[in-house]
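Trainee: Have a peek at entry23.txt (compact mmCIF, C-alpha atoms and all ligand atoms).
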```
# COMPACT_ATOMS: atom_id res chain seq x y z
CA MET A 1 -7.71 -24.98 0.37
CA LYS A 2 -6.39 -24.92 -3.16
CA ILE A 3 -3.78 -22.20 -3.30
CA ALA A 4 -2.04 -20.86 -6.42
CA ILE A 5 1.21 -18.95 -6.00
CA LEU A 6 1.87 -16.61 -8.93
CA SER A 7 5.60 -16.33 -9.29
CA ARG A 8 8.16 -16.29 -12.05
CA SER A 9 10.71 -17.99 -9.86
CA PRO A 10 9.48 -21.26 -8.30
CA ARG A 11 12.93 -21.90 -6.84
CA ALA A 12 13.26 -18.53 -5.11
CA TYR A 13 13.51 -18.71 -1.31
CA SER A 14 10.21 -16.93 -0.60
CA THR A 15 8.24 -18.98 -3.11
CA LYS A 16 9.63 -22.21 -1.71
CA ARG A 17 8.88 -21.16 1.87
CA LEU A 18 5.30 -20.22 1.01
CA ARG A 19 4.79 -23.56 -0.72
CA GLU A 20 6.25 -25.46 2.23
CA ALA A 21 4.19 -23.51 4.75
CA ALA A 22 0.97 -24.11 2.80
CA LYS A 23 1.73 -27.84 2.41
CA ALA A 24 2.56 -28.16 6.09
CA ARG A 25 -0.90 -26.82 6.88
CA GLY A 26 -2.56 -29.38 4.63
CA HIS A 27 -3.30 -27.20 1.63
CA GLU A 28 -2.97 -28.12 -2.00
CA VAL A 29 -0.54 -25.62 -3.45
CA ARG A 30 1.07 -24.99 -6.83
CA VAL A 31 3.31 -22.34 -8.31
CA PHE A 32 2.31 -20.77 -11.63
CA ASP A 33 4.40 -18.55 -13.86
CA THR A 34 2.49 -15.26 -14.01
CA LEU A 35 3.49 -14.60 -17.62
CA LYS A 36 2.04 -17.91 -18.85
CA PHE A 37 -1.54 -16.82 -18.19
CA SER A 38 -3.81 -15.59 -20.96
CA ILE A 39 -6.57 -13.20 -20.00
CA PHE A 40 -9.92 -13.43 -21.75
CA ILE A 41 -12.43 -10.66 -21.41
CA GLU A 42 -16.00 -11.46 -22.22
CA LYS A 43 -19.26 -10.11 -20.86
CA LYS A 44 -19.79 -11.53 -17.35
CA LYS A 45 -17.41 -14.36 -18.17
CA PRO A 46 -13.87 -13.55 -17.12
CA GLN A 47 -11.60 -16.45 -18.03
CA LEU A 48 -7.98 -17.35 -17.59
CA HIS A 49 -5.96 -19.86 -19.50
CA TYR A 50 -2.64 -21.20 -18.29
CA ARG A 51 -0.22 -22.44 -20.94
CA ASN A 52 -3.17 -22.31 -23.35
CA LYS A 53 -5.41 -24.57 -21.29
CA SER A 54 -8.40 -23.56 -19.23
CA PHE A 55 -7.31 -22.79 -15.67
CA GLY A 56 -9.01 -24.81 -12.91
CA ARG A 57 -10.68 -23.40 -9.84
CA TYR A 58 -8.51 -22.23 -6.94
CA ASP A 59 -9.66 -20.86 -3.59
CA ALA A 60 -6.92 -18.30 -3.22
CA ILE A 61 -3.94 -16.81 -4.99
CA ILE A 62 -0.73 -15.43 -3.56
CA PRO A 63 0.63 -12.94 -6.09
CA ARG A 64 4.41 -12.46 -6.07
CA ILE A 65 4.57 -9.92 -8.88
CA GLY A 66 8.05 -8.68 -9.71
CA ALA A 67 8.60 -5.04 -10.59
CA SER A 68 9.44 -5.82 -14.20
CA ILE A 69 6.02 -7.34 -14.87
CA THR A 70 3.77 -5.07 -12.82
CA PHE A 71 1.47 -4.21 -15.71
CA PHE A 72 0.76 -7.74 -16.89
CA GLY A 73 0.93 -9.21 -13.40
CA THR A 74 -1.65 -6.86 -11.92
CA ALA A 75 -3.91 -7.52 -14.91
CA VAL A 76 -3.79 -11.26 -14.14
CA VAL A 77 -4.53 -10.62 -10.46
CA ARG A 78 -7.41 -8.32 -11.42
CA HIS A 79 -8.85 -11.11 -13.53
CA PHE A 80 -8.71 -13.52 -10.59
CA GLU A 81 -10.53 -10.88 -8.54
CA GLN A 82 -13.23 -10.65 -11.17
CA MET A 83 -13.60 -14.40 -11.10
CA GLY A 84 -14.24 -14.14 -7.36
CA VAL A 85 -10.98 -15.80 -6.32
CA TYR A 86 -9.50 -14.47 -3.09
CA THR A 87 -6.17 -12.76 -3.57
CA LEU A 88 -3.75 -12.12 -0.74
CA SER A 89 -2.94 -8.71 -2.26
CA SER A 90 -5.34 -6.82 -4.48
CA SER A 91 -4.26 -5.73 -7.94
CA GLN A 92 -4.99 -2.15 -6.94
CA ALA A 93 -2.76 -2.29 -3.85
CA ILE A 94 0.09 -3.92 -5.78
CA GLY A 95 -0.13 -1.23 -8.46
CA VAL A 96 -0.20 1.67 -6.02
CA SER A 97 2.62 0.42 -3.79
CA ARG A 98 4.81 -0.24 -6.81
CA ASP A 99 4.64 3.40 -7.83
CA LYS A 100 6.77 5.27 -5.31
CA LEU A 101 5.24 8.62 -6.18
CA ARG A 102 1.63 7.52 -5.91
CA ALA A 103 2.32 5.60 -2.71
CA SER A 104 3.99 8.59 -1.02
CA GLN A 105 1.22 10.90 -2.15
CA ILE A 106 -1.35 8.64 -0.52
CA LEU A 107 0.68 8.04 2.64
CA SER A 108 1.43 11.73 3.12
CA SER A 109 -2.26 12.54 3.40
CA HIS A 110 -2.26 10.54 6.64
CA ASP A 111 -0.46 10.94 9.92
CA ILE A 112 2.67 9.18 8.67
CA GLY A 113 6.22 10.45 8.30
CA THR A 114 7.60 10.37 4.75
CA PRO A 115 10.80 12.02 3.45
CA ALA A 116 10.09 15.32 1.70
CA THR A 117 9.74 14.46 -1.99
CA ALA A 118 9.37 16.44 -5.21
CA PHE A 119 8.38 15.44 -8.71
CA VAL A 120 8.93 17.88 -11.56
CA ARG A 121 9.12 17.91 -15.33
CA ASP A 122 10.15 21.42 -16.21
CA LYS A 123 13.90 22.03 -16.55
CA ASP A 124 13.67 25.28 -14.63
CA ALA A 125 11.92 23.55 -11.75
CA VAL A 126 14.70 21.08 -10.95
CA ILE A 127 17.00 23.29 -8.85
CA PRO A 128 14.18 24.93 -6.86
CA ALA A 129 12.79 21.44 -6.16
CA ILE A 130 16.16 20.21 -4.87
CA GLU A 131 16.40 23.27 -2.62
CA LYS A 132 12.84 22.85 -1.39
CA VAL A 133 13.38 19.26 -0.18
CA GLY A 134 16.47 20.34 1.75
CA GLY A 135 19.28 20.87 -0.78
CA ALA A 136 22.33 18.67 -1.39
CA PRO A 137 23.18 15.97 -0.63
CA VAL A 138 19.91 14.80 -2.11
CA ILE A 139 18.40 11.50 -3.21
CA ILE A 140 17.33 10.95 -6.82
CA LYS A 141 15.08 7.96 -7.33
CA LEU A 142 13.51 6.18 -10.25
CA LEU A 143 9.77 5.83 -9.78
CA GLU A 144 9.80 2.07 -10.14
CA GLY A 145 13.23 0.91 -9.05
CA THR A 146 13.81 -2.05 -6.72
CA GLN A 147 16.68 -3.62 -4.81
CA GLY A 148 18.43 -0.28 -4.60
CA VAL A 149 18.95 0.02 -8.34
CA GLY A 150 17.87 3.47 -9.43
CA VAL A 151 18.49 5.19 -6.09
CA ILE A 152 21.29 7.74 -6.33
CA LEU A 153 22.81 10.05 -3.73
CA ALA A 154 23.98 13.30 -5.30
CA ASP A 155 26.49 15.32 -3.31
CA THR A 156 25.95 18.68 -4.92
CA VAL A 157 23.03 20.51 -6.45
CA LYS A 158 24.87 20.60 -9.77
CA THR A 159 25.37 16.82 -9.86
CA ALA A 160 21.78 16.29 -8.80
CA GLN A 161 20.55 18.55 -11.56
CA ALA A 162 22.69 16.75 -14.15
CA ILE A 163 21.41 13.35 -13.02
CA VAL A 164 17.77 14.43 -13.10
CA GLU A 165 18.18 15.94 -16.55
CA THR A 166 20.00 12.89 -17.92
CA LEU A 167 17.36 10.51 -16.62
CA GLN A 168 14.53 12.71 -17.84
CA SER A 169 16.10 12.88 -21.28
CA THR A 170 15.79 9.09 -21.46
CA LYS A 171 12.09 9.40 -20.56
CA GLN A 172 12.55 8.14 -17.01
CA ASN A 173 10.38 9.48 -14.22
CA VAL A 174 12.46 10.52 -11.25
CA LEU A 175 11.75 11.67 -7.74
CA ILE A 176 13.84 14.20 -5.88
CA GLN A 177 13.92 13.29 -2.21
CA LYS A 178 15.37 14.62 1.00
CA PHE A 179 18.37 12.57 2.09
CA VAL A 180 17.64 11.37 5.60
CA ALA A 181 21.31 11.50 6.58
CA GLU A 182 20.77 10.72 10.26
CA SER A 183 19.55 7.24 9.30
CA LYS A 184 23.24 6.62 8.38
CA GLY A 185 22.86 3.93 5.75
CA ARG A 186 20.46 2.04 7.96
CA ASP A 187 16.82 1.31 7.63
CA ILE A 188 14.20 -0.92 9.18
CA ARG A 189 12.21 -3.52 7.30
CA CYS A 190 8.95 -4.53 8.97
CA LEU A 191 7.01 -7.52 7.79
CA VAL A 192 3.35 -6.70 8.34
CA VAL A 193 0.87 -9.56 8.17
CA GLY A 194 -2.83 -9.05 8.90
CA GLY A 195 -2.40 -5.81 10.84
CA LYS A 196 0.55 -6.99 12.94
CA VAL A 197 4.30 -6.66 12.59
CA VAL A 198 5.32 -10.33 12.65
CA ALA A 199 9.05 -9.68 12.17
CA ALA A 200 11.37 -6.71 11.93
CA MET A 201 15.01 -6.28 11.08
CA ARG A 202 17.52 -3.51 10.76
CA ARG A 203 19.52 -3.38 7.53
CA THR A 204 22.87 -1.65 7.52
CA ALA A 205 24.73 -0.67 4.39
CA VAL A 206 28.36 -1.73 4.18
CA GLY A 207 31.36 0.50 3.53
CA ASP A 208 30.55 3.87 2.02
CA GLU A 209 27.34 2.56 0.46
CA PHE A 210 24.24 4.46 1.67
CA ARG A 211 21.72 1.91 0.38
CA SER A 212 20.98 -0.80 2.90
CA ASN A 213 19.23 -3.23 0.52
CA VAL A 214 20.17 -6.86 1.07
CA HIS A 215 20.86 -7.01 -2.68
CA ARG A 216 23.44 -4.25 -2.17
CA GLY A 217 25.19 -6.29 0.49
CA GLY A 218 23.32 -4.76 3.44
CA LEU A 219 23.76 -6.61 6.74
CA VAL A 220 20.68 -7.67 8.67
CA GLU A 221 19.89 -8.10 12.34
CA ALA A 222 16.68 -8.62 14.29
CA VAL A 223 15.38 -5.46 15.93
CA GLN A 224 12.89 -4.73 18.69
CA LEU A 225 10.56 -2.01 17.43
CA SER A 226 9.31 0.89 19.50
CA PRO A 227 5.51 1.26 19.55
CA GLN A 228 5.80 4.31 17.28
CA TYR A 229 7.69 2.39 14.59
CA GLU A 230 5.37 -0.55 14.87
CA ALA A 231 2.23 1.61 14.58
CA THR A 232 3.67 3.43 11.56
CA ALA A 233 4.42 0.20 9.71
CA ILE A 234 0.97 -1.20 10.37
CA LEU A 235 -0.75 2.01 9.35
CA ALA A 236 1.28 2.34 6.13
CA ALA A 237 0.33 -1.18 5.03
CA GLN A 238 -3.28 -0.56 5.97
CA ILE A 239 -3.47 2.74 4.07
CA LEU A 240 -2.15 1.13 0.90
CA GLY A 241 -4.59 -1.76 1.34
CA LEU A 242 -1.95 -4.48 1.77
CA SER A 243 -2.54 -7.20 4.36
CA VAL A 244 0.95 -8.55 3.72
CA ALA A 245 3.66 -5.95 3.19
CA GLY A 246 7.31 -5.18 3.71
CA VAL A 247 7.40 -1.65 5.07
CA ASP A 248 10.74 0.17 4.91
CA LEU A 249 11.35 2.87 7.48
CA LEU A 250 14.20 5.31 7.83
CA GLU A 251 15.12 6.33 11.35
CA GLY A 252 14.73 10.08 11.04
CA ASN A 253 15.20 12.71 13.73
CA ALA A 254 11.49 13.36 13.47
CA GLY A 255 10.66 9.66 13.96
CA PRO A 256 10.00 6.91 11.43
CA GLN A 257 9.94 7.96 7.76
CA VAL A 258 8.22 5.52 5.43
CA MET A 259 10.33 5.03 2.33
CA GLU A 260 8.40 2.35 0.58
CA VAL A 261 5.87 -0.40 1.04
CA ASN A 262 6.59 -3.63 -0.81
CA SER A 263 3.72 -5.86 -1.88
CA SER A 264 5.91 -8.95 -2.48
CA PRO A 265 8.50 -8.70 0.30
CA GLY A 266 11.29 -11.28 0.33
CA PHE A 267 11.43 -13.58 3.37
CA GLU A 268 15.01 -14.79 3.24
CA GLY A 269 16.82 -11.97 5.03
CA ILE A 270 14.16 -11.44 7.63
CA GLU A 271 13.54 -15.12 8.45
CA ARG A 272 17.28 -15.70 8.85
CA ALA A 273 17.76 -12.58 10.95
CA THR A 274 14.78 -13.14 13.23
CA LYS A 275 14.25 -16.94 13.07
CA ILE A 276 10.55 -16.19 12.69
CA ASP A 277 8.37 -18.30 10.42
CA VAL A 278 7.06 -15.42 8.29
CA ALA A 279 5.79 -17.69 5.51
CA GLY A 280 3.75 -19.63 8.09
CA ALA A 281 2.22 -16.40 9.39
CA VAL A 282 1.27 -15.43 5.83
CA ILE A 283 -0.49 -18.75 5.17
CA GLU A 284 -2.26 -18.57 8.53
CA HIS A 285 -3.50 -15.11 7.65
CA LEU A 286 -4.62 -16.33 4.22
CA GLU A 287 -6.69 -19.08 5.88
CA GLU A 288 -8.50 -16.52 8.01
CA GLU A 289 -9.17 -14.12 5.17
CA ALA A 290 -9.84 -16.32 2.16
CA SER A 291 -13.56 -16.47 2.76
CA PHE A 292 -13.76 -12.69 2.41
CA PRO A 293 -12.98 -11.75 -1.19
CA GLU A 294 -12.35 -8.08 -1.85
CA VAL A 295 -15.35 -6.02 -2.88
CA ASP A 296 -15.25 -2.45 -4.01
CA ILE A 297 -17.78 -1.19 -1.52
CA ARG A 298 -17.93 2.28 -3.00
CA GLN A 299 -18.84 0.85 -6.36
CA ARG A 300 -21.36 -1.62 -4.96
CA LEU A 301 -23.13 0.81 -2.66
CA THR A 302 -23.22 3.89 -4.81
CA LEU A 303 -24.65 2.24 -7.87
CA LYS A 304 -28.02 3.46 -6.71
CA ALA A 305 -28.16 7.02 -7.94
CA GLY A 306 -28.10 9.72 -5.32
CA TYR A 307 -26.25 7.67 -2.69
CA SER A 308 -22.63 8.12 -1.73
CA ILE A 309 -19.98 7.17 0.74
CA VAL A 310 -18.23 10.20 2.17
CA GLU A 311 -15.85 11.03 4.95
CA ILE A 312 -17.22 13.69 7.27
CA PRO A 313 -14.63 15.53 9.37
CA ILE A 314 -16.02 16.58 12.72
CA THR A 315 -15.07 20.15 13.53
CA ASP A 316 -15.57 21.90 16.87
CA ASP A 317 -18.69 23.62 15.59
CA SER A 318 -20.20 20.52 14.00
CA GLU A 319 -23.80 19.87 14.98
CA LEU A 320 -22.75 16.29 15.79
CA VAL A 321 -19.96 17.02 18.19
CA HIS A 322 -20.25 15.40 21.65
CA LYS A 323 -23.47 13.63 20.69
CA SER A 324 -23.75 9.88 20.81
CA LEU A 325 -24.43 8.24 17.46
CA PHE A 326 -27.84 7.38 18.82
CA ASN A 327 -28.65 11.03 19.68
CA SER A 328 -27.20 12.33 16.44
CA ASN A 329 -30.32 11.24 14.56
CA LEU A 330 -28.15 10.12 11.68
CA LYS A 331 -30.06 6.88 11.37
CA GLU A 332 -33.36 8.73 11.07
CA ARG A 333 -31.79 10.81 8.31
CA ASP A 334 -30.98 7.61 6.43
CA ILE A 335 -27.23 7.90 7.13
CA LEU A 336 -25.24 4.89 8.19
CA VAL A 337 -21.92 5.42 9.99
CA LEU A 338 -19.64 2.64 8.73
CA SER A 339 -16.64 3.59 10.83
CA ILE A 340 -15.08 6.37 12.85
CA ASN A 341 -11.46 7.34 12.38
CA ARG A 342 -10.05 8.70 15.63
CA SER A 343 -6.37 9.70 15.94
CA GLY A 344 -5.35 7.36 13.17
CA LEU A 345 -7.29 4.38 14.52
CA THR A 346 -10.42 3.01 12.97
CA ILE A 347 -13.46 2.13 15.04
CA PRO A 348 -15.47 -0.15 12.75
CA ASN A 349 -19.25 -0.51 13.09
CA PRO A 350 -19.49 1.95 15.98
CA ARG A 351 -22.25 1.37 18.52
CA GLY A 352 -25.09 3.80 19.15
CA THR A 353 -23.65 4.76 22.53
CA ARG A 354 -20.35 5.89 20.96
CA GLU A 355 -19.77 9.64 21.39
CA ILE A 356 -18.70 11.73 18.40
CA LEU A 357 -15.63 13.82 19.23
CA PRO A 358 -14.06 16.84 17.55
CA GLY A 359 -11.27 15.66 15.22
CA ASP A 360 -13.10 12.42 14.34
CA THR A 361 -13.72 11.50 10.74
CA LEU A 362 -16.94 9.63 10.11
CA LEU A 363 -17.17 7.31 7.14
CA CYS A 364 -20.82 7.56 6.18
CA PHE A 365 -23.11 6.00 3.63
CA GLY A 366 -26.31 7.77 2.72
CA LYS A 367 -28.27 10.10 0.46
CA GLN A 368 -26.04 12.74 -1.07
CA THR A 369 -28.47 15.56 -0.33
CA THR A 370 -28.53 14.71 3.38
CA LEU A 371 -24.80 14.02 3.58
CA LYS A 372 -24.07 17.40 2.06
CA GLU A 373 -25.60 19.16 5.06
CA LEU A 374 -23.02 17.48 7.29
CA ILE A 375 -19.92 18.47 5.34
CA PRO A 376 -18.28 21.45 7.09
CA LYS A 377 -18.98 24.73 5.29
CA ARG A 378 -15.29 25.63 5.33
CA ARG A 379 -14.41 22.67 3.17
CA GLN A 380 -17.24 23.36 0.75
CA SER A 381 -15.99 26.90 0.23
CA THR A 382 -12.26 26.07 0.01
CA ARG A 383 -13.16 23.63 -2.69
CA LYS A 384 -14.71 26.39 -4.72
CA SER A 385 -11.86 28.84 -4.17
CA LYS A 386 -9.27 26.21 -5.03
CA SER A 387 -9.84 26.58 -8.76
CA ASN A 388 -6.59 27.64 -10.32
CA PRO A 389 -6.63 31.28 -11.43
CA ALA A 390 -4.15 30.54 -14.23
N1 LIG B 1 15.55 9.54 1.37
C1 LIG B 1 16.51 8.67 1.75
N2 LIG B 1 17.40 9.00 2.73
C2 LIG B 1 18.36 8.11 3.11
N3 LIG B 1 18.53 6.89 2.58
C3 LIG B 1 17.66 6.49 1.60
C4 LIG B 1 16.60 7.36 1.14
N4 LIG B 1 15.91 6.72 0.18
C5 LIG B 1 16.50 5.51 0.04
N5 LIG B 1 17.55 5.35 0.88
C6 LIG B 1 18.39 4.15 1.00
O1 LIG B 1 18.37 3.47 -0.26
C7 LIG B 1 17.76 2.19 -0.14
C8 LIG B 1 16.87 1.90 -1.35
O2 LIG B 1 15.82 2.84 -1.45
P1 LIG B 1 14.31 2.43 -1.78
O3 LIG B 1 13.53 3.66 -1.93
O4 LIG B 1 13.83 1.46 -0.77
O5 LIG B 1 14.44 1.75 -3.20
P2 LIG B 1 14.33 0.22 -3.65
O6 LIG B 1 12.92 0.04 -4.07
O7 LIG B 1 15.28 0.12 -4.79
O8 LIG B 1 14.68 -0.64 -2.46
C9 LIG B 1 16.99 2.24 1.16
O9 LIG B 1 16.86 0.97 1.73
C10 LIG B 1 17.82 3.19 2.02
O10 LIG B 1 18.89 2.50 2.64
MG MG B 2 13.61 -0.67 -0.64
```
Show how you would write the structure in this file as structure tokens.
Ligand SMILES: Nc1ncnc2c1ncn2[C@@H]1O[C@H](COP(=O)(O)OP(=O)(O)O)[C@@H](O)[C@H]1O
Ligand SMILES: [Mg+2]
Mentor:
Amino acid sequence: MKIAILSRSPRAYSTKRLREAAKARGHEVRVFDTLKFSIFIEKKKPQLHYRNKSFGRYDAIIPRIGASITFFGTAVVRHFEQMGVYTLSSSQAIGVSRDKLRASQILSSHDIGTPATAFVRDKDAVIPAIEKVGGAPVIIKLLEGTQGVGVILADTVKTAQAIVETLQSTKQNVLIQKFVAESKGRDIRCLVVGGKVVAAMRRTAVGDEFRSNVHRGGLVEAVQLSPQYEATAILAAQILGLSVAGVDLLEGNAGPQVMEVNSSPGFEGIERATKIDVAGAVIEHLEEEASFPEVDIRQRLTLKAGYSIVEIPITDDSELVHKSLFNSNLKERDILVLSINRSGLTIPNPRGTREILPGDTLLCFGKQTTLKELIPKRRQSTRKSKSNPA
């Protein structure tokens, strides 16, 4: 394969390791500086230039987009996607995971622990928000910080309020987050590749530092994950649509709390701590996946007017409950069940003999008019009553 690594730092450890791993597996690989691309938008003819010359054809890209260039970097990746080039991480997933607020909003709608978090703009809302997430000490976080910069622990409500107001006055977006004190300056970094945790380490902050980032001097050691921690890391990466991700978990009393999901995780700390060839695992995964470029299935399938993809929650009183897919007559009604979500696990392409259980969520494609009949009445009515009276 011809593989392009998009990175601003060709000499960085992770970039070098990826290049070595790709070469060792017989691929042609080169590193390109993300900022040296020019994007050209023309009807049905997406083009990229690199250093002002037309960019040749590559089979796959590995984006390593740093936080400071998210906007331009994801635009370049999006252009590769439009040109039909396989990308290890989609532009959409990079963008979402980079935004701590958006990522936690998405994660919290699933069965995943996340620290209680608030986001406010109004001055009068700051103190109530601090109290609501658990009071002081409290964490204040910049929306797009990395390497521990922009994460502050405020000891009192007054300090917290002052910090939030100062940052807001400089037009920064800040999150107010529950301090998971029991994690004691420690967290767990899981390297997820293709739906598996290939390596995991514990990071421990030194001295009176509460941030365990390696860039803040955090010490690393290999760690054996419990099934609960492993499942959480895999699910978090999957929800954000990242096949390669560094998932950071705090060890909370209530189990793992996902802090963030990194789309360009560094390999240095974790490879040294665990002696695992993470870069090799990434390239192996790329080989398996490169023939399946990302498609936006919702967009492709719903172009035909009147058709939709919807998730149908199965309630106890659903007409489908305890029927097999075959006996549900969904097929006859022109409804295709793409997958069933059961207790957080996805059953893709379910067979006709598969029984539908209460609590399942069916991902269905079909005519909107027919699908509507299957959506529980309760949800239809709460939707209506949700309109804000103000
Ligand atoms: N809610 C929290 N409770 C306890 N410690 C936290 C919390 N949020 C962050 N930390 C500590 O601060 C570090 C950096 O936070 P993180 O959100 O991962 O920001 P960054 O993107 O800068 O790494 C974490 O690795 C963890 O050690
Ligand atoms: Mg972090």
Trainee: List as a ChimeraX atom specification the protein and nucleic acid residues lying within 12 Å of ligand MG 2 (chain B), with all atoms listed in the file counted.
Mentor: /A:67,97-98,100,141-151,186-190,203,211-216,218,245-250,258-266
Trainee: Just the selected residues (C-alpha atoms), exported as a compact mmCIF listing (two decimals), in the coordinates of the input, please.
Mentor:
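Generated file (out_13.txt):
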```txt
# COMPACT_ATOMS: atom_id res chain seq x y z
CA ALA A 67 8.60 -5.04 -10.59
CA SER A 97 2.62 0.42 -3.79
CA ARG A 98 4.81 -0.24 -6.81
CA LYS A 100 6.77 5.27 -5.31
CA LYS A 141 15.08 7.96 -7.33
CA LEU A 142 13.51 6.18 -10.25
CA LEU A 143 9.77 5.83 -9.78
CA GLU A 144 9.80 2.07 -10.14
CA GLY A 145 13.23 0.91 -9.05
CA THR A 146 13.81 -2.05 -6.72
CA GLN A 147 16.68 -3.62 -4.81
CA GLY A 148 18.43 -0.28 -4.60
CA VAL A 149 18.95 0.02 -8.34
CA GLY A 150 17.87 3.47 -9.43
CA VAL A 151 18.49 5.19 -6.09
CA ARG A 186 20.46 2.04 7.96
CA ASP A 187 16.82 1.31 7.63
CA ILE A 188 14.20 -0.92 9.18
CA ARG A 189 12.21 -3.52 7.30
CA CYS A 190 8.95 -4.53 8.97
CA ARG A 203 19.52 -3.38 7.53
CA ARG A 211 21.72 1.91 0.38
CA SER A 212 20.98 -0.80 2.90
CA ASN A 213 19.23 -3.23 0.52
CA VAL A 214 20.17 -6.86 1.07
CA HIS A 215 20.86 -7.01 -2.68
CA ARG A 216 23.44 -4.25 -2.17
CA GLY A 218 23.32 -4.76 3.44
CA ALA A 245 3.66 -5.95 3.19
CA GLY A 246 7.31 -5.18 3.71
CA VAL A 247 7.40 -1.65 5.07
CA ASP A 248 10.74 0.17 4.91
CA LEU A 249 11.35 2.87 7.48
CA LEU A 250 14.20 5.31 7.83
CA VAL A 258 8.22 5.52 5.43
CA MET A 259 10.33 5.03 2.33
CA GLU A 260 8.40 2.35 0.58
CA VAL A 261 5.87 -0.40 1.04
CA ASN A 262 6.59 -3.63 -0.81
CA SER A 263 3.72 -5.86 -1.88
CA SER A 264 5.91 -8.95 -2.48
CA PRO A 265 8.50 -8.70 0.30
CA GLY A 266 11.29 -11.28 0.33
```
Trainee: Interatomic distance between atom CA of Lys304 of chain A and atom CA of Gly84 of chain A?
Mentor: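 Between atom CA of Lys304 of chain A and atom CA of Gly84 of chain A the gap works out to 22.4 Å.
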Trainee: For Glu268 of chain A, which of A:Ala75, A:Ser14, A:Ser54, A:Gln172 is the closest residue, counting all atoms listed in the file?
Mentor: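 For Glu268 of chain A, the nearest of the candidates is A:Ser14.
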Trainee: Using all atoms listed in the file and a cutoff of 9 Å, can you tell me which residues are near (-4.8, -8.7, -4.3) in the file's coordinates, and write them out as a list of chain:residue names?
Mentor: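 Neighbouring residues, ordered by chain and number, come to A:Ile61, A:Ile62, A:Pro63, A:Thr74, A:Val77, A:Arg78, A:Phe80, A:Glu81, A:Tyr86, A:Thr87, A:Leu88, A:Ser89, A:Ser90, A:Ser91, A:Gln92, A:Ala93, A:Ile94, A:Gly241, A:Leu242, A:Glu294.
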Trainee: Counting all atoms listed in the file, what is within 10 Å of Lys23 of chain A, bar same-chain residues fewer than 6 positions away, as a list in words?
Mentor: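 Those residues are Ile3, Arg17, Val29, Arg30 and Ile283 of chain A.
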Trainee: Can you pull out the residues contacting Gly73 of chain A? Cut-off 10 Å, using only C-alpha atoms, and skip same-chain residues under 6 positions away; I want them as JSON, numbers by chain.
Mentor: {"A": [6, 7, 33, 34, 35, 37, 63, 64, 65, 66, 67, 79, 91, 94, 95]}
Trainee: Considering only C-alpha atoms, return as a list of chain:residue names whatever protein or nucleic-acid residues lie within 9 Å of Val164 of chain A, sequence-local ones (same chain, fewer than 2 positions apart) excluded.
Mentor: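 Non-adjacent residues within range: A:Val126, A:Ile140, A:Thr159, A:Ala160, A:Gln161, A:Ala162, A:Thr166, A:Leu167, A:Gln168, A:Ser169, A:Asn173, A:Val174, A:Leu175, A:Ile176.
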Trainee: Missing atoms in segment 271-279 of chain A: can you complete it with N, CA, C and O atoms, as a PDB file, keeping the file's coordinate frame?
Mentor:
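As written to disk, result04.pdb reads:
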```pdb
ATOM      1  N   GLU A 271      13.703 -13.852   7.725  1.00  0.00           N
ATOM      2  CA  GLU A 271      13.540 -15.120   8.450  1.00  0.00           C
ATOM      3  C   GLU A 271      14.870 -15.555   9.066  1.00  0.00           C
ATOM      4  O   GLU A 271      14.917 -16.047  10.179  1.00  0.00           O
ATOM      5  N   ARG A 272      15.958 -15.329   8.315  1.00  0.00           N
ATOM      6  CA  ARG A 272      17.280 -15.700   8.850  1.00  0.00           C
ATOM      7  C   ARG A 272      17.640 -14.812  10.034  1.00  0.00           C
ATOM      8  O   ARG A 272      18.161 -15.278  11.034  1.00  0.00           O
ATOM      9  N   ALA A 273      17.357 -13.508   9.890  1.00  0.00           N
ATOM     10  CA  ALA A 273      17.760 -12.580  10.950  1.00  0.00           C
ATOM     11  C   ALA A 273      16.929 -12.766  12.215  1.00  0.00           C
ATOM     12  O   ALA A 273      17.430 -12.573  13.325  1.00  0.00           O
ATOM     13  N   THR A 274      15.664 -13.121  12.055  1.00  0.00           N
ATOM     14  CA  THR A 274      14.780 -13.140  13.230  1.00  0.00           C
ATOM     15  C   THR A 274      14.396 -14.548  13.671  1.00  0.00           C
ATOM     16  O   THR A 274      13.834 -14.715  14.750  1.00  0.00           O
ATOM     17  N   LYS A 275      14.651 -15.544  12.810  1.00  0.00           N
ATOM     18  CA  LYS A 275      14.250 -16.940  13.070  1.00  0.00           C
ATOM     19  C   LYS A 275      12.729 -17.081  13.196  1.00  0.00           C
ATOM     20  O   LYS A 275      12.233 -18.004  13.837  1.00  0.00           O
ATOM     21  N   ILE A 276      12.022 -16.124  12.615  1.00  0.00           N
ATOM     22  CA  ILE A 276      10.550 -16.190  12.690  1.00  0.00           C
ATOM     23  C   ILE A 276      10.008 -16.802  11.403  1.00  0.00           C
ATOM     24  O   ILE A 276      10.522 -16.546  10.314  1.00  0.00           O
ATOM     25  N   ASP A 277       8.988 -17.627  11.557  1.00  0.00           N
ATOM     26  CA  ASP A 277       8.370 -18.300  10.420  1.00  0.00           C
ATOM     27  C   ASP A 277       7.369 -17.339   9.752  1.00  0.00           C
ATOM     28  O   ASP A 277       6.173 -17.416   9.984  1.00  0.00           O
ATOM     29  N   VAL A 278       7.909 -16.425   8.934  1.00  0.00           N
ATOM     30  CA  VAL A 278       7.060 -15.420   8.290  1.00  0.00           C
ATOM     31  C   VAL A 278       6.113 -16.071   7.291  1.00  0.00           C
ATOM     32  O   VAL A 278       4.921 -15.754   7.231  1.00  0.00           O
ATOM     33  N   ALA A 279       6.630 -17.025   6.518  1.00  0.00           N
ATOM     34  CA  ALA A 279       5.790 -17.690   5.510  1.00  0.00           C
ATOM     35  C   ALA A 279       4.597 -18.368   6.194  1.00  0.00           C
ATOM     36  O   ALA A 279       3.464 -18.303   5.689  1.00  0.00           O
TER      37      ALA A 279
END
```
